[in-house]
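Comments concern the structure below.
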Amino acid sequence: QVQLVESGGGLVQPGGSLRLSCVATGITLEYSAIAWFRQAPGKEREGISCTSKRDESTYYVEAVKGRFTISRDNVKNTVYLEMNGLQPEDTATYYCAVDSGGYGYCNYNYFHLVDTWGQGTQVTVSS
């Protein structure tokens with residue numbers, strides 16, 4: 001059974017940074033794509049970034065491109081989301097998600113393939 005556990009959220013001032021972590025069990029992330037989503041209050045959950053197996057490619061939506069960086073540590077079976085230049089509009093609950101079947105390639109369509117989610121970690125950007 002695939003399980004994902006996020007951490008690293010918190011309260012940060014505009015312009016600040018956070019690094020989110022997502023630890024996976026039941027799946028080897030080195031051989032799987034994995035994505036980050038977020039859901040702001042009153043809005044639908046949206047995919048914001050993903051990385052292919054072995055980091056062969058990454059994808060970012062325009063809203064976070066240049067500010068957020070996705071990476072992984074295969075030894076720790078963990079994926080990270082480094083977030084810089086945070087703004088109030090980045091306030092949301094952030095989730096990592098995978099296709100439990102281990103699909104390996106990341107692009108916008110991968111956001112529609114994921115079927116396993118973590119519990120989420122809250123990020124609040126406010127002065």
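Ordered as shown in the structure tokens, chains take letters A, B, and onward, while each chain numbers its residues from 1 and ligands are numbered from 1 in the order shown.
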Which residues are near region 34-38 of chain A? Cut-off 6 Å, only C-alpha atoms, ignore same chain within fewer than 3 positions. Put them as a ChimeraX atom specification. /A:45-51,92-98
When distances are computed from only C-alpha atoms, which of A:Ser21, A:Asp55, A:Ile70, A:Tyr60 shows the smallest separation from Ala33 (chain A)?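 Using only C-alpha atoms, the shortest distance to Ala33 (chain A) belongs to A:Asp55.
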Name all residues at most 7 Å from Gly85 (chain A) (count only C-alpha atoms; drop same-chain ones fewer than 2 positions away) and give them as a list in words. Gly15, Gly16, Ser17, Arg67, Met83 and Gln87 of chain A
Could you write those residues out with N, CA and C atoms, as a PDB file, in the first residue's frame?
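And here's selection.pdb as it stands now:
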```pdb
ATOM      1  N   GLY A  15       7.594  36.971   0.484  1.00  0.00           N
ATOM      2  CA  GLY A  15       8.988  36.970   0.080  1.00  0.00           C
ATOM      3  C   GLY A  15       9.819  35.890   0.727  1.00  0.00           C
ATOM      4  N   GLY A  16       9.248  35.186   1.673  1.00  0.00           N
ATOM      5  CA  GLY A  16       9.968  34.145   2.392  1.00  0.00           C
ATOM      6  C   GLY A  16      10.028  32.828   1.648  1.00  0.00           C
ATOM      7  N   SER A  17      10.618  31.848   2.312  1.00  0.00           N
ATOM      8  CA  SER A  17      10.832  30.539   1.705  1.00  0.00           C
ATOM      9  C   SER A  17      10.422  29.427   2.662  1.00  0.00           C
ATOM     10  N   ARG A  67      10.097  30.062  -9.188  1.00  0.00           N
ATOM     11  CA  ARG A  67      10.093  30.279  -7.732  1.00  0.00           C
ATOM     12  C   ARG A  67      10.166  28.957  -6.961  1.00  0.00           C
ATOM     13  N   MET A  83      10.263  26.276  -2.027  1.00  0.00           N
ATOM     14  CA  MET A  83       9.412  27.388  -2.426  1.00  0.00           C
ATOM     15  C   MET A  83      10.065  28.696  -1.999  1.00  0.00           C
ATOM     16  N   GLN A  87       4.219  34.334  -1.849  1.00  0.00           N
ATOM     17  CA  GLN A  87       3.266  35.441  -1.852  1.00  0.00           C
ATOM     18  C   GLN A  87       1.951  34.982  -1.206  1.00  0.00           C
TER      19      GLN A  87
END
```
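All residues in chain A with a DSSP state of helix (DSSP H, G or I), computed from the backbone, read A:Leu29, A:Glu30, A:Tyr31, A:Lys53, A:Arg54, A:Asp55, A:Pro88, A:Glu89, A:Asp90, A:Tyr108, A:Asn109, A:Tyr110, A:Phe111, A:His112.
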Would you mind exporting C-alpha atoms of the selected residues as an mmCIF file, in the first residue's frame?
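To be explicit, this is the file written out as part_37.cif:
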```cif
data_model
loop_
_atom_site.group_PDB
_atom_site.id
_atom_site.type_symbol
_atom_site.label_atom_id
_atom_site.label_comp_id
_atom_site.auth_asym_id
_atom_site.auth_seq_id
_atom_site.Cartn_x
_atom_site.Cartn_y
_atom_site.Cartn_z
ATOM 1 C CA LEU A 29 10.144 7.074 -5.991
ATOM 2 C CA GLU A 30 13.305 6.686 -8.051
ATOM 3 C CA TYR A 31 11.244 4.744 -10.602
ATOM 4 C CA LYS A 53 11.343 8.984 -12.669
ATOM 5 C CA ARG A 54 15.034 9.515 -12.025
ATOM 6 C CA ASP A 55 14.394 13.256 -12.465
ATOM 7 C CA PRO A 88 -0.139 35.524 -0.141
ATOM 8 C CA GLU A 89 -1.681 33.849 -3.182
ATOM 9 C CA ASP A 90 0.495 30.809 -2.456
ATOM 10 C CA TYR A 108 0.557 18.191 -17.320
ATOM 11 C CA ASN A 109 -1.397 14.985 -17.953
ATOM 12 C CA TYR A 110 0.252 13.303 -14.980
ATOM 13 C CA PHE A 111 -1.855 15.470 -12.697
ATOM 14 C CA HIS A 112 -4.873 13.500 -13.947
#
```
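The smallest atom-to-atom distance between Gly9 (chain A) and any of A:Asp99, A:Glu44, A:Glu82, A:Asp115, using only C-alpha atoms, is found for A:Glu82.
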Chain A: residues DSSP assigns to strand (DSSP E or B), reported as a VMD selection string: chain A and resid 3 to 7 10 to 12 18 to 25 34 to 39 46 to 51 58 to 60 68 to 73 78 to 83 92 to 98 116 to 117 121 to 125
Any idea what the distance is between CA of Val5 (chain A) and CA of Lys65 (chain A)?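 Rounded to one decimal, the two atoms are 24.0 Å apart.
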Kindly indicate which residue among A:Ser32, A:Ser100, A:Thr124, A:Thr78 lies nearest to Leu18 (chain A), using only C-alpha atoms for the distances.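 Going through A:Ser32, A:Ser100, A:Thr124, A:Thr78 one by one, the smallest distance to Leu18 (chain A) is for A:Thr124.
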